[in-house]
Structures are given as C-alpha cells and as structure tokens.
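Coordinates as given in my_file_10.pdb (PDB, C-alpha atoms, pLDDT in the B column):
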```pdb
ATOM      1  CA  MET A 950     -82.325 -49.722  52.236  1.00 57.00           C
ATOM      2  CA  THR A 951     -78.849 -48.786  51.283  1.00 60.00           C
ATOM      3  CA  ALA A 952     -77.346 -45.402  52.005  1.00 56.00           C
ATOM      4  CA  SER A 953     -75.753 -43.429  49.229  1.00 56.00           C
ATOM      5  CA  GLN A 954     -71.963 -43.632  49.176  1.00 65.00           C
ATOM      6  CA  ASP A 955     -71.581 -40.104  47.817  1.00 60.00           C
ATOM      7  CA  PRO A 956     -70.630 -37.469  50.386  1.00 58.00           C
ATOM      8  CA  PRO A 957     -72.977 -34.500  50.808  1.00 59.00           C
ATOM      9  CA  PRO A 958     -72.289 -31.470  48.553  1.00 60.00           C
ATOM     10  CA  GLY A 959     -69.314 -29.467  49.738  1.00 58.00           C
ATOM     11  CA  ASP A 960     -67.939 -32.351  51.751  1.00 56.00           C
ATOM     12  CA  ASP A 961     -64.809 -33.875  50.311  1.00 55.00           C
ATOM     13  CA  GLU A 962     -61.518 -35.033  51.735  1.00 56.00           C
ATOM     14  CA  HIS A 963     -59.940 -31.558  51.430  1.00 54.00           C
ATOM     15  CA  THR A 964     -62.602 -29.759  53.448  1.00 55.00           C
ATOM     16  CA  ARG A 965     -62.858 -32.539  56.036  1.00 56.00           C
ATOM     17  CA  GLU A 966     -59.139 -32.226  56.729  1.00 59.00           C
ATOM     18  CA  GLY A 967     -59.331 -28.420  56.878  1.00 63.00           C
ATOM     19  CA  ARG A 968     -57.384 -27.928  53.627  1.00 68.00           C
ATOM     20  CA  ARG A 969     -58.505 -26.269  50.463  1.00 66.00           C
ATOM     21  CA  PRO A 970     -57.390 -27.488  47.068  1.00 64.00           C
ATOM     22  CA  GLN A 971     -54.525 -25.372  45.729  1.00 65.00           C
ATOM     23  CA  PRO A 972     -54.664 -23.897  42.228  1.00 62.00           C
ATOM     24  CA  PRO A 973     -52.110 -25.210  39.767  1.00 59.00           C
ATOM     25  CA  PRO A 974     -48.712 -23.454  39.876  1.00 67.00           C
ATOM     26  CA  TYR A 975     -48.939 -22.358  36.242  1.00 69.00           C
ATOM     27  CA  GLY A 976     -51.098 -19.707  34.631  1.00 65.00           C
ATOM     28  CA  GLY A 977     -51.065 -15.991  34.060  1.00 59.00           C
ATOM     29  CA  PRO A 978     -49.766 -13.303  36.363  1.00 56.00           C
ATOM     30  CA  PRO A 979     -51.223 -13.239  39.850  1.00 58.00           C
ATOM     31  CA  GLN A 980     -54.371 -11.180  40.242  1.00 59.00           C
ATOM     32  CA  ARG A 981     -53.770  -8.283  42.564  1.00 54.00           C
ATOM     33  CA  GLN A 982     -56.439  -6.484  44.523  1.00 59.00           C
ATOM     34  CA  GLY A 983     -55.988  -2.899  45.629  1.00 66.00           C
ATOM     35  CA  ALA A 984     -53.855   0.031  44.538  1.00 84.00           C
ATOM     36  CA  GLN A 985     -51.861  -0.118  41.328  1.00 89.00           C
ATOM     37  CA  VAL A 986     -49.044   2.150  42.415  1.00 91.00           C
ATOM     38  CA  LEU A 987     -46.399   1.125  39.878  1.00 92.00           C
ATOM     39  CA  SER A 988     -48.816   1.435  36.976  1.00 93.00           C
ATOM     40  CA  ILE A 989     -49.951   4.889  38.073  1.00 93.00           C
ATOM     41  CA  ILE A 990     -46.361   6.097  38.417  1.00 94.00           C
ATOM     42  CA  GLY A 991     -45.715   4.617  34.963  1.00 95.00           C
ATOM     43  CA  PHE A 992     -48.573   6.682  33.507  1.00 95.00           C
ATOM     44  CA  VAL A 993     -47.235   9.830  35.207  1.00 96.00           C
ATOM     45  CA  SER A 994     -43.774   9.130  33.791  1.00 96.00           C
ATOM     46  CA  ALA A 995     -45.353   8.711  30.356  1.00 96.00           C
ATOM     47  CA  ALA A 996     -47.024  12.108  30.607  1.00 96.00           C
ATOM     48  CA  VAL A 997     -43.812  13.787  31.752  1.00 96.00           C
ATOM     49  CA  ALA A 998     -41.898  12.125  28.893  1.00 95.00           C
ATOM     50  CA  ILE A 999     -43.809  14.196  26.346  1.00 94.00           C
ATOM     51  CA  LEU A1000     -42.198  17.452  27.494  1.00 92.00           C
ATOM     52  CA  PHE A1001     -39.109  16.624  29.571  1.00 92.00           C
ATOM     53  CA  ILE A1002     -36.277  14.183  28.763  1.00 94.00           C
ATOM     54  CA  PRO A1003     -38.331  11.627  26.822  1.00 95.00           C
ATOM     55  CA  ILE A1004     -35.648   8.924  26.875  1.00 95.00           C
ATOM     56  CA  LEU A1005     -35.328   8.971  30.670  1.00 96.00           C
ATOM     57  CA  PHE A1006     -38.979   9.280  31.643  1.00 96.00           C
ATOM     58  CA  GLY A1007     -40.210   7.089  28.790  1.00 96.00           C
ATOM     59  CA  LEU A1008     -37.913   4.226  29.740  1.00 96.00           C
ATOM     60  CA  ALA A1009     -38.792   4.663  33.405  1.00 96.00           C
ATOM     61  CA  GLY A1010     -42.489   4.431  32.541  1.00 96.00           C
ATOM     62  CA  ILE A1011     -41.932   1.324  30.432  1.00 96.00           C
ATOM     63  CA  VAL A1012     -39.995  -0.399  33.212  1.00 96.00           C
ATOM     64  CA  LEU A1013     -42.564   0.555  35.842  1.00 95.00           C
ATOM     65  CA  GLY A1014     -45.388  -0.690  33.643  1.00 95.00           C
ATOM     66  CA  ILE A1015     -43.688  -4.027  32.999  1.00 95.00           C
ATOM     67  CA  VAL A1016     -42.847  -4.547  36.663  1.00 95.00           C
ATOM     68  CA  GLY A1017     -46.413  -3.629  37.611  1.00 94.00           C
ATOM     69  CA  HIS A1018     -47.769  -6.099  35.064  1.00 94.00           C
ATOM     70  CA  THR A1019     -45.583  -8.916  36.382  1.00 94.00           C
ATOM     71  CA  ARG A1020     -46.809  -8.154  39.895  1.00 92.00           C
ATOM     72  CA  GLY A1021     -50.394  -8.556  38.764  1.00 91.00           C
ATOM     73  CA  GLU A1022     -51.477  -4.968  38.213  1.00 91.00           C
ATOM     74  CA  SER A1023     -54.073  -4.908  35.470  1.00 90.00           C
ATOM     75  CA  LEU A1024     -52.971  -1.483  34.153  1.00 93.00           C
ATOM     76  CA  GLY A1025     -49.267  -2.358  33.972  1.00 93.00           C
ATOM     77  CA  ARG A1026     -49.312  -3.409  30.332  1.00 94.00           C
ATOM     78  CA  TRP A1027     -51.150  -0.223  29.330  1.00 95.00           C
ATOM     79  CA  ALA A1028     -48.751   1.958  31.315  1.00 95.00           C
ATOM     80  CA  ALA A1029     -45.798   0.442  29.442  1.00 96.00           C
ATOM     81  CA  ILE A1030     -47.502   0.953  26.073  1.00 96.00           C
ATOM     82  CA  ALA A1031     -48.452   4.543  26.930  1.00 96.00           C
ATOM     83  CA  ALA A1032     -44.912   5.304  28.108  1.00 97.00           C
ATOM     84  CA  ALA A1033     -43.446   3.962  24.864  1.00 97.00           C
ATOM     85  CA  ALA A1034     -45.868   6.017  22.778  1.00 97.00           C
ATOM     86  CA  CYS A1035     -45.279   9.177  24.811  1.00 96.00           C
ATOM     87  CA  MET A1036     -41.519   8.668  24.583  1.00 96.00           C
ATOM     88  CA  VAL A1037     -41.744   8.592  20.774  1.00 97.00           C
ATOM     89  CA  VAL A1038     -44.032  11.651  20.731  1.00 96.00           C
ATOM     90  CA  GLY A1039     -41.683  13.520  23.075  1.00 96.00           C
ATOM     91  CA  MET A1040     -38.688  12.722  20.891  1.00 96.00           C
ATOM     92  CA  VAL A1041     -40.508  13.909  17.758  1.00 96.00           C
ATOM     93  CA  LEU A1042     -41.605  17.120  19.495  1.00 95.00           C
ATOM     94  CA  GLY A1043     -38.057  17.700  20.726  1.00 94.00           C
ATOM     95  CA  ALA A1044     -36.669  17.209  17.227  1.00 94.00           C
ATOM     96  CA  LEU A1045     -39.237  19.588  15.763  1.00 94.00           C
ATOM     97  CA  ALA A1046     -38.501  22.223  18.413  1.00 93.00           C
ATOM     98  CA  THR A1047     -34.758  21.916  17.841  1.00 92.00           C
ATOM     99  CA  ARG A1048     -35.243  22.232  14.087  1.00 92.00           C
ATOM    100  CA  ALA A1049     -37.520  25.265  14.454  1.00 91.00           C
ATOM    101  CA  LEU A1050     -35.128  27.044  16.834  1.00 90.00           C
ATOM    102  CA  GLY A1051     -32.080  26.171  14.757  1.00 82.00           C
ATOM    103  CA  SER A1052     -33.372  27.784  11.552  1.00 65.00           C
TER
END
```
Go ahead and express the file in the form of structure tokens.
Amino acid sequence: MTASQDPPPGDDEHTREGRRPQPPPYGGPPQRQGAQVLSIIGFVSAAVAILFIPILFGLAGIVLGIVGHTRGESLGRWAAIAAAACMVVGMVLGALATRALGS
C-alpha cells in the first residue's frame, strides 16, 4: 500500500513553520474593529454646522469623515457626506435669515 502524499487538512508549510499566510498588500481600507471616534465627531460637527458657522464646522466634519474612512471606520464616508449636506443647509438657512432680518 502506498500512503497519500497530500498533507492532512490544515497542515501546510506555513502552519508547520508557525507562520500564517499574509494577505496581499493591496485592497480597500483596513477594517477597523471598535469605536469610530472620528466618524462620530464628524457627525456632531455636521449637526452643529446647520446652526453655527457652517463653513467651519462643515469642513471640519468633512475632514474628520474622510480621515475616519481612510483609517477604516465604516461610518467615515457617511459622516463626510452628512457634513457636506449640513454645511449647504446651514449656509442656505443663514442666507435666508440674513435676508429676512435685512428687509
């Protein structure tokens, strides 16, 4: 009888040497587990941008969302989008308030 030349399942040269195969260096942003601090602060900045200094808080929320997204936070992209939308809404509300008070 001849023995099979195939190693048992789960036994390959990487596991025998104590190494695990590394994922390829390309791909999407790293997946992060845990708190999404930058994204949450980006959402808060977006909400503040509706009523107070939309340019400042809106841009801050966009930057925080983008940085959070590049660090692997799943909500980072949505925080940047929400900040941009709230910045536009805040600017429109500010223009309407200025127009109403000026007349």
What do you get, as a ChimeraX atom specification, if you spell out every residue that the PyMOL selection byres ((chain A and resi 1031-1034) around 8) selects here? /A:991-992,994-996,998,1006-1008,1010-1011,1027-1030,1035-1038
What does the file look like for those residues with C-alpha atoms, as a PDB file, keeping the file's coordinate frame?
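Final output, again-v8.pdb:
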```pdb
ATOM      1  CA  GLY A 991     -45.715   4.617  34.963  1.00 95.00           C
ATOM      2  CA  PHE A 992     -48.573   6.682  33.507  1.00 95.00           C
ATOM      3  CA  SER A 994     -43.774   9.130  33.791  1.00 96.00           C
ATOM      4  CA  ALA A 995     -45.353   8.711  30.356  1.00 96.00           C
ATOM      5  CA  ALA A 996     -47.024  12.108  30.607  1.00 96.00           C
ATOM      6  CA  ALA A 998     -41.898  12.125  28.893  1.00 95.00           C
ATOM      7  CA  PHE A1006     -38.979   9.280  31.643  1.00 96.00           C
ATOM      8  CA  GLY A1007     -40.210   7.089  28.790  1.00 96.00           C
ATOM      9  CA  LEU A1008     -37.913   4.226  29.740  1.00 96.00           C
ATOM     10  CA  GLY A1010     -42.489   4.431  32.541  1.00 96.00           C
ATOM     11  CA  ILE A1011     -41.932   1.324  30.432  1.00 96.00           C
ATOM     12  CA  TRP A1027     -51.150  -0.223  29.330  1.00 95.00           C
ATOM     13  CA  ALA A1028     -48.751   1.958  31.315  1.00 95.00           C
ATOM     14  CA  ALA A1029     -45.798   0.442  29.442  1.00 96.00           C
ATOM     15  CA  ILE A1030     -47.502   0.953  26.073  1.00 96.00           C
ATOM     16  CA  CYS A1035     -45.279   9.177  24.811  1.00 96.00           C
ATOM     17  CA  MET A1036     -41.519   8.668  24.583  1.00 96.00           C
ATOM     18  CA  VAL A1037     -41.744   8.592  20.774  1.00 97.00           C
ATOM     19  CA  VAL A1038     -44.032  11.651  20.731  1.00 96.00           C
TER      20      VAL A1038
END
```
Any idea what the distance is between CA of Val986 in chain A and CA of Ile1004 in chain A? 21.6 Å
What's around range 1042-1044 of chain A at 9 Å? Count only C-alpha atoms, leave out sequence neighbours fewer than 2 positions away in its own chain, and write the answer as a compact mmCIF listing (two decimals) with C-alpha atoms, keeping the file's coordinate frame.
```
# COMPACT_ATOMS: atom_id res chain seq x y z
CA ILE A 999 -43.81 14.20 26.35
CA LEU A 1000 -42.20 17.45 27.49
CA PHE A 1001 -39.11 16.62 29.57
CA ILE A 1002 -36.28 14.18 28.76
CA PRO A 1003 -38.33 11.63 26.82
CA VAL A 1037 -41.74 8.59 20.77
CA VAL A 1038 -44.03 11.65 20.73
CA GLY A 1039 -41.68 13.52 23.08
CA MET A 1040 -38.69 12.72 20.89
CA ALA A 1046 -38.50 22.22 18.41
CA THR A 1047 -34.76 21.92 17.84
CA ARG A 1048 -35.24 22.23 14.09
CA ALA A 1049 -37.52 25.26 14.45
```
Step by step, gather every atom of range 995-1001 of chain A that the file lists, find the box along x, y and z that holds them, add 4 Å on each side, and finally give centre and edge lengths in Å to one decimal, as AutoDock Vina command-line options.
```
--center_x -43.1 --center_y 13.1 --center_z 29.0 --size_x 15.9 --size_y 16.7 --size_z 13.4
```
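Take CA of Leu987 in chain A and CA of Gly1014 in chain A: the distance between them is 6.6 Å.
With distances restricted to all atoms listed in the file, A:Leu1013 is the closest residue to Ile990 in chain A from A:Leu1013, A:Leu1005, A:Val1041, A:Leu1024.
For the pair CA of Ala984 in chain A and CA of Glu1022 in chain A, the separation is 8.4 Å.
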Atoms are missing here; could range 999-1010 of chain A be completed with N, CA, C and O atoms and written as a PDB file, in the coordinates of the input?
```pdb
ATOM      1  N   ILE A 999     -43.443  13.415  27.533  1.00 94.00           N
ATOM      2  CA  ILE A 999     -43.809  14.196  26.346  1.00 94.00           C
ATOM      3  C   ILE A 999     -43.042  15.515  26.306  1.00 94.00           C
ATOM      4  O   ILE A 999     -42.609  15.959  25.246  1.00 94.00           O
ATOM      5  N   LEU A1000     -42.819  16.127  27.468  1.00 92.00           N
ATOM      6  CA  LEU A1000     -42.198  17.452  27.494  1.00 92.00           C
ATOM      7  C   LEU A1000     -40.774  17.478  28.024  1.00 92.00           C
ATOM      8  O   LEU A1000     -39.999  18.374  27.671  1.00 92.00           O
ATOM      9  N   PHE A1001     -40.417  16.570  28.922  1.00 92.00           N
ATOM     10  CA  PHE A1001     -39.109  16.624  29.571  1.00 92.00           C
ATOM     11  C   PHE A1001     -38.370  15.295  29.439  1.00 92.00           C
ATOM     12  O   PHE A1001     -38.865  14.263  29.884  1.00 92.00           O
ATOM     13  N   ILE A1002     -37.194  15.320  28.877  1.00 94.00           N
ATOM     14  CA  ILE A1002     -36.277  14.183  28.763  1.00 94.00           C
ATOM     15  C   ILE A1002     -37.019  12.890  28.422  1.00 94.00           C
ATOM     16  O   ILE A1002     -37.158  11.988  29.253  1.00 94.00           O
ATOM     17  N   PRO A1003     -37.507  12.776  27.197  1.00 95.00           N
ATOM     18  CA  PRO A1003     -38.331  11.627  26.822  1.00 95.00           C
ATOM     19  C   PRO A1003     -37.646  10.272  27.006  1.00 95.00           C
ATOM     20  O   PRO A1003     -38.290   9.309  27.407  1.00 95.00           O
ATOM     21  N   ILE A1004     -36.344  10.206  26.730  1.00 95.00           N
ATOM     22  CA  ILE A1004     -35.648   8.924  26.875  1.00 95.00           C
ATOM     23  C   ILE A1004     -35.678   8.461  28.326  1.00 95.00           C
ATOM     24  O   ILE A1004     -35.990   7.301  28.620  1.00 95.00           O
ATOM     25  N   LEU A1005     -35.388   9.334  29.250  1.00 96.00           N
ATOM     26  CA  LEU A1005     -35.328   8.971  30.670  1.00 96.00           C
ATOM     27  C   LEU A1005     -36.707   8.603  31.218  1.00 96.00           C
ATOM     28  O   LEU A1005     -36.907   7.514  31.768  1.00 96.00           O
ATOM     29  N   PHE A1006     -37.659   9.518  31.069  1.00 96.00           N
ATOM     30  CA  PHE A1006     -38.979   9.280  31.643  1.00 96.00           C
ATOM     31  C   PHE A1006     -39.763   8.215  30.875  1.00 96.00           C
ATOM     32  O   PHE A1006     -40.560   7.474  31.452  1.00 96.00           O
ATOM     33  N   GLY A1007     -39.550   8.127  29.570  1.00 96.00           N
ATOM     34  CA  GLY A1007     -40.210   7.089  28.790  1.00 96.00           C
ATOM     35  C   GLY A1007     -39.749   5.698  29.194  1.00 96.00           C
ATOM     36  O   GLY A1007     -40.557   4.788  29.415  1.00 96.00           O
ATOM     37  N   LEU A1008     -38.433   5.529  29.308  1.00 96.00           N
ATOM     38  CA  LEU A1008     -37.913   4.226  29.740  1.00 96.00           C
ATOM     39  C   LEU A1008     -38.330   3.894  31.169  1.00 96.00           C
ATOM     40  O   LEU A1008     -38.640   2.737  31.486  1.00 96.00           O
ATOM     41  N   ALA A1009     -38.348   4.904  32.027  1.00 96.00           N
ATOM     42  CA  ALA A1009     -38.792   4.663  33.405  1.00 96.00           C
ATOM     43  C   ALA A1009     -40.253   4.205  33.424  1.00 96.00           C
ATOM     44  O   ALA A1009     -40.614   3.274  34.156  1.00 96.00           O
ATOM     45  N   GLY A1010     -41.087   4.830  32.612  1.00 96.00           N
ATOM     46  CA  GLY A1010     -42.489   4.431  32.541  1.00 96.00           C
ATOM     47  C   GLY A1010     -42.669   3.030  31.989  1.00 96.00           C
ATOM     48  O   GLY A1010     -43.514   2.263  32.461  1.00 96.00           O
TER      49      GLY A1010
END
```
